[in-house]
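Since the structure comes first, as structure tokens, the remarks are kept for the end.
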Amino acid sequence: MATRERQAARSRGRYAEWAARWWLRLHGWRVLATNLRTPVGEVDLIVKRGRTLAFVEVKRRTKMSDAAEAIRPQQQARIQRAASWYLAQQPQFGHCHVRYDAVLVTPGRLPQHVVDAWRH
């Protein structure tokens with residue numbers, strides 16, 4: 001991929017993550033972390049509402065179905081490893097119900113929050 005294409009893709013990804021944060025905040029979620037990189041994986045967003053702690057993968061594609069299909073089992077495993085690492089570092093969240101969500105972003109549409117997108 002050419003440098004200009006990579007920059008454009010990165011810019012679209014940043015916009016998608018901004019839109020996801022905005023959407024989740026509008027729905028009462030508190031953003032605890034963005035783009036968390038751990039020794040064992042990465043998580044786009046960590047959000048909390050009440051006693052629910054969600055590890056969120058953000059996907060942007062031109063079609064909603066493509067965005068949903070883009071979260072592959074390897075990514076799910078990476079996010080789950082990062083979530084376990086995060087929880088080990090943050091014992092105050094031990095009482096929380098943990099789940100894995102997704103926010104799908106497509107041009108010209110509102111973000112779609114997929115609750116409990118997959119299970120550990």
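By order in the structure tokens, chains are A, B, ...; within a chain, residues start at 1; ligands start at 1, following the order shown.
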| task | Just the alpha helix (DSSP H) stuff from chain A, please, per backbone DSSP, written as a PyMOL selection string. | result | chain A and resi 3-26+64-69+73-89
| Within 10 Å of segment 51-58 of chain A using only C-alpha atoms, minus same-chain residues under 2 positions, as a ChimeraX atom specification | /A:13-14,16-21,29-35,42-49,60,67-68,70-71,75-76,79-80,82-83,93-105,111-117
| said: as a PyMOL selection string, please: every residue in chain A that DSSP puts in strand (DSSP E). | reply: chain A and resi 30-38+41-49+52-60+97-105+112-118
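With only C-alpha atoms as the atoms that count, the residue of A:Leu24, A:Arg81, A:Thr3, A:Arg10 with the shortest distance to Leu110 of chain A is A:Leu24.
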